[in-house]
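One file, entry29.cif, is given below (mmCIF, C-alpha atoms).
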```cif
data_my_file
loop_
_atom_site.label_atom_id
_atom_site.label_comp_id
_atom_site.auth_asym_id
_atom_site.auth_seq_id
_atom_site.Cartn_x
_atom_site.Cartn_y
_atom_site.Cartn_z
CA MET A 1 0.00 0.00 0.00
CA THR A 2 1.24 3.42 -0.86
CA GLY A 3 -0.73 5.24 1.79
CA ASP A 4 -2.44 7.39 -0.82
CA SER A 5 -6.15 6.82 -0.30
CA THR A 6 -7.25 9.45 -2.77
CA ALA A 7 -6.87 7.69 -6.09
CA ALA A 8 -8.29 9.52 -9.08
CA ARG A 9 -11.50 8.14 -10.52
CA PRO A 10 -11.36 7.37 -14.20
CA ALA A 11 -13.29 9.80 -16.39
CA VAL A 12 -16.66 8.58 -17.58
CA GLY A 13 -16.88 8.83 -21.32
CA ALA A 14 -19.84 9.84 -23.43
CA ALA A 15 -20.93 6.22 -23.79
CA GLY A 16 -21.07 5.82 -20.01
CA ARG A 17 -23.13 9.00 -19.60
CA ALA A 18 -25.50 7.93 -22.37
CA ALA A 19 -25.91 4.49 -20.77
CA ARG A 20 -26.67 6.08 -17.39
CA GLY A 21 -29.17 8.40 -19.08
CA ARG A 22 -30.87 5.48 -20.79
CA ILE A 23 -31.08 3.50 -17.58
CA ALA A 24 -32.47 6.52 -15.74
CA ILE A 25 -35.15 7.01 -18.41
CA LEU A 26 -36.14 3.33 -18.32
CA LEU A 27 -36.30 3.23 -14.52
CA ALA A 28 -38.30 6.46 -14.31
CA ALA A 29 -40.62 5.33 -17.14
CA GLY A 30 -41.18 2.06 -15.29
CA LEU A 31 -42.07 3.97 -12.12
CA PHE A 32 -44.52 6.20 -14.03
CA ALA A 33 -46.11 3.17 -15.72
CA ALA A 34 -46.34 1.18 -12.47
CA THR A 35 -47.99 4.10 -10.70
CA ASP A 36 -50.64 4.46 -13.38
CA LEU A 37 -51.26 0.72 -13.69
CA GLY A 38 -51.66 0.48 -9.92
CA LEU A 39 -54.19 3.31 -9.92
CA LYS A 40 -56.06 1.69 -12.81
CA ALA A 41 -56.31 -1.59 -10.86
CA TRP A 42 -57.53 0.32 -7.81
CA ALA A 43 -60.08 2.27 -9.90
CA GLU A 44 -61.51 -0.91 -11.43
CA ARG A 45 -62.20 -2.27 -7.94
CA ALA A 46 -63.12 0.87 -6.02
CA LEU A 47 -65.12 2.71 -8.67
CA GLU A 48 -66.94 -0.23 -10.24
CA ASP A 49 -70.34 0.70 -8.81
CA ASP A 50 -69.82 4.27 -7.66
CA SER A 51 -68.03 7.47 -8.55
CA VAL A 52 -66.42 9.89 -6.11
CA GLU A 53 -67.03 13.62 -6.32
CA ALA A 54 -63.79 15.33 -5.40
CA GLY A 55 -64.20 18.92 -6.56
CA PRO A 56 -62.90 19.94 -9.93
CA LEU A 57 -61.69 16.41 -10.67
CA ASP A 58 -64.01 13.50 -9.90
CA LEU A 59 -63.18 9.81 -9.85
CA GLN A 60 -65.37 7.97 -12.34
CA LEU A 61 -64.65 4.65 -14.03
CA ALA A 62 -64.72 4.55 -17.82
CA PHE A 63 -63.25 2.33 -20.51
CA ASN A 64 -61.91 3.80 -23.75
CA PRO A 65 -61.59 1.50 -26.79
CA GLY A 66 -60.04 4.33 -28.82
CA VAL A 67 -57.05 6.56 -28.26
CA ALA A 68 -56.99 10.16 -27.02
CA PHE A 69 -60.48 11.69 -26.91
CA SER A 70 -61.86 8.29 -28.04
CA VAL A 71 -60.48 8.75 -31.56
CA GLY A 72 -60.69 5.40 -33.30
CA ALA A 73 -63.21 3.98 -30.83
CA ASN A 74 -65.05 2.26 -33.69
CA ALA A 75 -61.90 0.89 -35.33
CA PRO A 76 -61.06 -2.80 -34.90
CA GLY A 77 -59.24 -3.35 -31.62
CA TRP A 78 -56.21 -4.95 -33.22
CA ILE A 79 -55.65 -1.84 -35.36
CA VAL A 80 -55.81 0.48 -32.34
CA LEU A 81 -53.46 -1.85 -30.45
CA ALA A 82 -51.02 -2.06 -33.37
CA VAL A 83 -50.97 1.70 -33.91
CA THR A 84 -50.44 2.45 -30.21
CA ALA A 85 -47.71 -0.20 -30.05
CA LEU A 86 -45.95 1.36 -33.06
CA ILE A 87 -46.18 4.85 -31.58
CA THR A 88 -44.94 3.67 -28.18
CA THR A 89 -42.06 1.83 -29.85
CA ALA A 90 -41.17 4.92 -31.90
CA VAL A 91 -41.14 7.03 -28.70
CA ALA A 92 -38.91 4.47 -26.97
CA VAL A 93 -36.47 4.34 -29.89
CA ALA A 94 -36.32 8.14 -30.14
CA LEU A 95 -35.64 8.43 -26.41
CA TRP A 96 -33.03 5.69 -26.58
CA ARG A 97 -31.18 7.49 -29.36
CA THR A 98 -31.31 10.87 -27.67
CA ALA A 99 -30.53 9.69 -24.16
CA PRO A 100 -29.69 12.60 -21.89
CA THR A 101 -26.43 12.88 -20.05
CA SER A 102 -27.21 14.22 -16.60
CA ARG A 103 -29.88 16.88 -16.30
CA ARG A 104 -32.88 15.78 -14.27
CA LEU A 105 -35.56 17.46 -16.37
CA ARG A 106 -34.15 15.81 -19.47
CA VAL A 107 -34.82 12.45 -17.85
CA VAL A 108 -38.17 13.09 -16.16
CA ALA A 109 -40.10 14.57 -19.08
CA PRO A 110 -39.32 11.87 -21.67
CA ALA A 111 -39.69 9.17 -19.01
CA ALA A 112 -43.16 10.51 -18.24
CA ILE A 113 -44.11 10.26 -21.92
CA LEU A 114 -42.71 6.74 -22.28
CA GLY A 115 -44.16 5.60 -18.95
CA GLY A 116 -47.61 6.94 -19.80
CA ALA A 117 -47.60 5.47 -23.30
CA SER A 118 -46.37 2.11 -21.99
CA ALA A 119 -48.99 2.01 -19.22
CA ASN A 120 -51.80 2.67 -21.66
CA LEU A 121 -50.41 0.07 -24.08
CA ILE A 122 -50.12 -2.55 -21.33
CA ASP A 123 -53.66 -1.76 -20.14
CA ARG A 124 -55.06 -1.98 -23.68
CA THR A 125 -53.30 -5.29 -24.35
CA ALA A 126 -55.30 -7.06 -21.63
CA ASP A 127 -58.82 -6.40 -22.91
CA GLY A 128 -58.71 -3.94 -25.81
CA VAL A 129 -59.63 -0.86 -23.77
CA VAL A 130 -57.83 1.67 -21.59
CA THR A 131 -59.13 2.23 -18.08
CA ASP A 132 -59.89 5.89 -17.37
CA TYR A 133 -60.83 7.24 -13.94
CA LEU A 134 -60.26 11.02 -13.80
CA HIS A 135 -63.33 13.04 -14.84
CA SER A 136 -63.52 16.82 -14.99
CA GLY A 137 -66.95 17.22 -16.52
CA TRP A 138 -65.61 19.47 -19.28
CA SER A 139 -63.26 17.02 -20.99
CA PRO A 140 -63.29 13.29 -21.68
CA THR A 141 -62.48 11.01 -18.77
CA PHE A 142 -58.75 10.28 -18.66
CA ASN A 143 -56.10 8.61 -16.52
CA LEU A 144 -52.76 9.44 -14.93
CA ALA A 145 -50.86 8.02 -17.92
CA ASP A 146 -52.59 10.61 -20.10
CA VAL A 147 -51.44 13.33 -17.68
CA PHE A 148 -47.87 12.01 -17.90
CA ILE A 149 -47.99 12.12 -21.71
CA VAL A 150 -49.62 15.55 -21.95
CA CYS A 151 -47.37 17.18 -19.34
CA GLY A 152 -44.19 15.42 -20.44
CA GLY A 153 -44.49 16.62 -24.04
CA PRO A 154 -44.36 20.38 -23.52
CA VAL A 155 -41.80 20.06 -20.72
CA SER A 156 -39.46 17.98 -22.88
CA VAL A 157 -39.30 20.58 -25.67
CA PRO A 158 -37.52 23.30 -23.63
CA ALA A 159 -35.50 20.60 -21.87
CA ARG A 160 -34.23 19.31 -25.21
CA ASN A 161 -33.35 22.84 -26.32
CA GLY A 162 -31.33 23.47 -23.17
CA THR A 163 -33.58 26.24 -21.87
CA ALA A 164 -35.11 24.42 -18.92
CA ASP A 165 -32.64 22.26 -17.08
CA SER A 166 -31.55 21.96 -13.50
CA GLY A 167 -29.67 25.17 -12.94
CA THR A 168 -27.46 25.17 -16.02
CA ARG A 169 -28.07 27.71 -18.74
CA ARG A 170 -26.94 27.42 -22.31
CA ARG A 171 -24.52 30.19 -23.13
CA SER A 172 -25.28 32.41 -26.07
CA THR A 173 -22.61 32.60 -28.74
CA ALA A 174 -24.09 35.74 -30.27
CA THR A 175 -22.28 39.02 -29.76
CA PRO A 176 -24.30 42.05 -28.76
CA SER A 177 -24.86 44.46 -31.60
CA GLY A 178 -23.85 48.08 -31.64
CA GLY A 179 -21.26 47.90 -28.91
CA SER A 180 -17.52 47.74 -28.61
#
```

I need this file expressed as structure tokens, please.
Amino acid sequence: MTGDSTAARPAVGAAGRAARGRIAILLAAGLFAATDLGLKAWAERALEDDSVEAGPLDLQLAFNPGVAFSVGANAPGWIVLAVTALITTAVAVALWRTAPTSRRLRVVAPAAILGGASANLIDRTADGVVTDYLHSGWSPTFNLADVFIVCGGPVSVPARNGTADSGTRRRSTATPSGGS
């Protein structure tokens, strides 16, 4: 032993950061999906015969054979399932290819989208419908996976552009005009 207990850690290359980013997205997406699927299972049991008035957002059980806003509700179930599987796969591939390096928001937003899409796909696979349980009275009944998808989309755009990350700002390369 040399007595030097402060050995330098090897630098993590871009591949290592990308792998960590991919793992973080998959773990977070799994957590989002599990949360929604757990709530769907609860809703099917607890709201089977009754709804719960909870203010602006009520709990009411509904089953959607279509996609968002019941689009495609009259289409054959296998087509809806195939299209949602293709879209979910495309989202997963895009996220895999653009795996973030370290910023939290760049992991959470895409993971929310993937987790929500995966939860709805898993739910639809079982019986051809998606379980919805959140009812506002002014929009179609929806579920937490839908919230993940809808909120994750707009949040991921500024996160991808570097304008909304955890404390780090992208530096401008433009020079101010009219000054010396």

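For the atom pair formed by atom CA of A:Ala73 and atom CA of A:Val130, the distance is 10.9 Å, given to one decimal.
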
Evaluate the PyMOL selection byres ((chain A and resi 80) around 10) and report residues as number ranges by chain: A: 65-67, 71-79, 81-86, 121, 124, 128-129

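Here atom CA of A:Leu57 and atom CA of A:Ile149 stand 18.1 Å from one another.
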
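If you count all atoms listed in the file and ignore residues fewer than 3 places along the chain from A:Cys151, what sits within 8 Å of it is A:Ala109, A:Ala112, A:Val147, A:Phe148, A:Pro154, A:Val155.
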
For A:Glu48, which residue out of A:Gly116, A:Arg22, A:Asp132, A:Gly30 is the nearest one, using only C-alpha atoms? A:Asp132

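You will find atom CA of A:Arg17 at 14.3 Å from atom CA of A:Leu95.
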
Please identify all polymer residues within 9 Å of A:Val91, counting only C-alpha atoms, omitting same-chain residues fewer than 6 positions from it, and present them as a list in words. Pro110, Ile113, Leu114 and Ala117 of chain A

Once you count all atoms listed in the file, which residues end up no further than 12 Å from (-66.2, 0.9, -6.7) in the file's frame, shown as a CSV table (one decimal) with C-alpha atoms, keeping the file's coordinate frame?
```csv
chain,number,residue,atom,x,y,z
A,40,LYS,CA,-56.1,1.7,-12.8
A,41,ALA,CA,-56.3,-1.6,-10.9
A,42,TRP,CA,-57.5,0.3,-7.8
A,43,ALA,CA,-60.1,2.3,-9.9
A,44,GLU,CA,-61.5,-0.9,-11.4
A,45,ARG,CA,-62.2,-2.3,-7.9
A,46,ALA,CA,-63.1,0.9,-6.0
A,47,LEU,CA,-65.1,2.7,-8.7
A,48,GLU,CA,-66.9,-0.2,-10.2
A,49,ASP,CA,-70.3,0.7,-8.8
A,50,ASP,CA,-69.8,4.3,-7.7
A,51,SER,CA,-68.0,7.5,-8.6
A,52,VAL,CA,-66.4,9.9,-6.1
A,59,LEU,CA,-63.2,9.8,-9.8
A,60,GLN,CA,-65.4,8.0,-12.3
A,61,LEU,CA,-64.6,4.6,-14.0
A,62,ALA,CA,-64.7,4.6,-17.8
A,133,TYR,CA,-60.8,7.2,-13.9
```

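Minimum distance to A:His135 across A:Glu53, A:Asp123, A:Asp36, A:Asp58 (counting all atoms listed in the file) occurs at A:Asp58.
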
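Of the residues under consideration (A:Ala33, A:Val150, A:Asn120, A:Ala68), A:Asn120 shows the shortest atom-to-atom contact distance to A:Thr88 when counting only C-alpha atoms.
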
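In this comparison, which uses all atoms listed in the file, the residue of A:Arg97, A:Gly152, A:Pro140, A:Val108 approaching A:Phe69 most closely is A:Pro140.
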
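Between A:Asp146 and the residues A:Leu31, A:Pro56, A:Thr98, A:Thr131, the shortest atom-to-atom distance, using only C-alpha atoms, involves A:Thr131.
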
May I ask you to restore N, CA, C and O atoms in stretch 126-145 of chain A and write the result as a CSV table (one decimal), in the coordinates of the input?
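Once everything was written out, this is rebuild.csv:
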```csv
chain,number,residue,atom,x,y,z
A,126,ALA,N,-54.5,-6.1,-22.4
A,126,ALA,CA,-55.3,-7.1,-21.6
A,126,ALA,C,-56.7,-7.3,-22.2
A,126,ALA,O,-57.1,-8.4,-22.3
A,127,ASP,N,-57.4,-6.2,-22.5
A,127,ASP,CA,-58.8,-6.4,-22.9
A,127,ASP,C,-59.3,-5.5,-24.0
A,127,ASP,O,-60.5,-5.4,-24.3
A,128,GLY,N,-58.4,-4.8,-24.7
A,128,GLY,CA,-58.7,-3.9,-25.8
A,128,GLY,C,-59.2,-2.5,-25.5
A,128,GLY,O,-59.5,-1.8,-26.3
A,129,VAL,N,-59.2,-2.2,-24.2
A,129,VAL,CA,-59.6,-0.9,-23.8
A,129,VAL,C,-58.6,-0.3,-22.7
A,129,VAL,O,-57.9,-1.1,-22.1
A,130,VAL,N,-58.6,1.0,-22.6
A,130,VAL,CA,-57.8,1.7,-21.6
A,130,VAL,C,-58.8,2.1,-20.5
A,130,VAL,O,-59.8,2.7,-20.7
A,131,THR,N,-58.4,1.8,-19.3
A,131,THR,CA,-59.1,2.2,-18.1
A,131,THR,C,-58.9,3.7,-17.8
A,131,THR,O,-57.8,4.1,-17.6
A,132,ASP,N,-60.0,4.5,-17.7
A,132,ASP,CA,-59.9,5.9,-17.4
A,132,ASP,C,-60.6,6.1,-16.1
A,132,ASP,O,-61.6,5.4,-15.8
A,133,TYR,N,-60.2,7.1,-15.3
A,133,TYR,CA,-60.8,7.2,-13.9
A,133,TYR,C,-60.8,8.7,-13.5
A,133,TYR,O,-61.4,9.0,-12.4
A,134,LEU,N,-60.3,9.6,-14.2
A,134,LEU,CA,-60.3,11.0,-13.8
A,134,LEU,C,-61.3,11.8,-14.7
A,134,LEU,O,-61.1,11.8,-15.9
A,135,HIS,N,-62.2,12.4,-14.1
A,135,HIS,CA,-63.3,13.0,-14.8
A,135,HIS,C,-63.5,14.5,-14.4
A,135,HIS,O,-63.7,14.7,-13.2
A,136,SER,N,-63.4,15.4,-15.3
A,136,SER,CA,-63.5,16.8,-15.0
A,136,SER,C,-64.9,17.4,-15.3
A,136,SER,O,-65.3,18.4,-14.8
A,137,GLY,N,-65.6,16.7,-16.1
A,137,GLY,CA,-67.0,17.2,-16.5
A,137,GLY,C,-66.9,18.1,-17.8
A,137,GLY,O,-67.9,18.2,-18.5
A,138,TRP,N,-65.7,18.6,-18.1
A,138,TRP,CA,-65.6,19.5,-19.3
A,138,TRP,C,-64.7,18.9,-20.3
A,138,TRP,O,-64.5,19.4,-21.4
A,139,SER,N,-64.1,17.7,-20.0
A,139,SER,CA,-63.3,17.0,-21.0
A,139,SER,C,-63.5,15.5,-20.8
A,139,SER,O,-64.1,15.1,-19.9
A,140,PRO,N,-63.1,14.7,-21.8
A,140,PRO,CA,-63.3,13.3,-21.7
A,140,PRO,C,-62.6,12.8,-20.4
A,140,PRO,O,-61.6,13.3,-19.9
A,141,THR,N,-63.1,11.7,-19.9
A,141,THR,CA,-62.5,11.0,-18.8
A,141,THR,C,-61.1,10.5,-19.2
A,141,THR,O,-60.9,10.0,-20.3
A,142,PHE,N,-60.1,10.6,-18.3
A,142,PHE,CA,-58.8,10.3,-18.7
A,142,PHE,C,-58.1,9.6,-17.5
A,142,PHE,O,-58.7,9.3,-16.5
A,143,ASN,N,-56.8,9.3,-17.6
A,143,ASN,CA,-56.1,8.6,-16.5
A,143,ASN,C,-54.8,9.3,-16.3
A,143,ASN,O,-54.4,10.2,-17.0
A,144,LEU,N,-54.0,8.8,-15.3
A,144,LEU,CA,-52.8,9.4,-14.9
A,144,LEU,C,-51.7,9.3,-16.0
A,144,LEU,O,-50.9,10.2,-16.3
A,145,ALA,N,-51.8,8.2,-16.8
A,145,ALA,CA,-50.9,8.0,-17.9
A,145,ALA,C,-51.1,9.1,-18.9
A,145,ALA,O,-50.1,9.6,-19.5
```
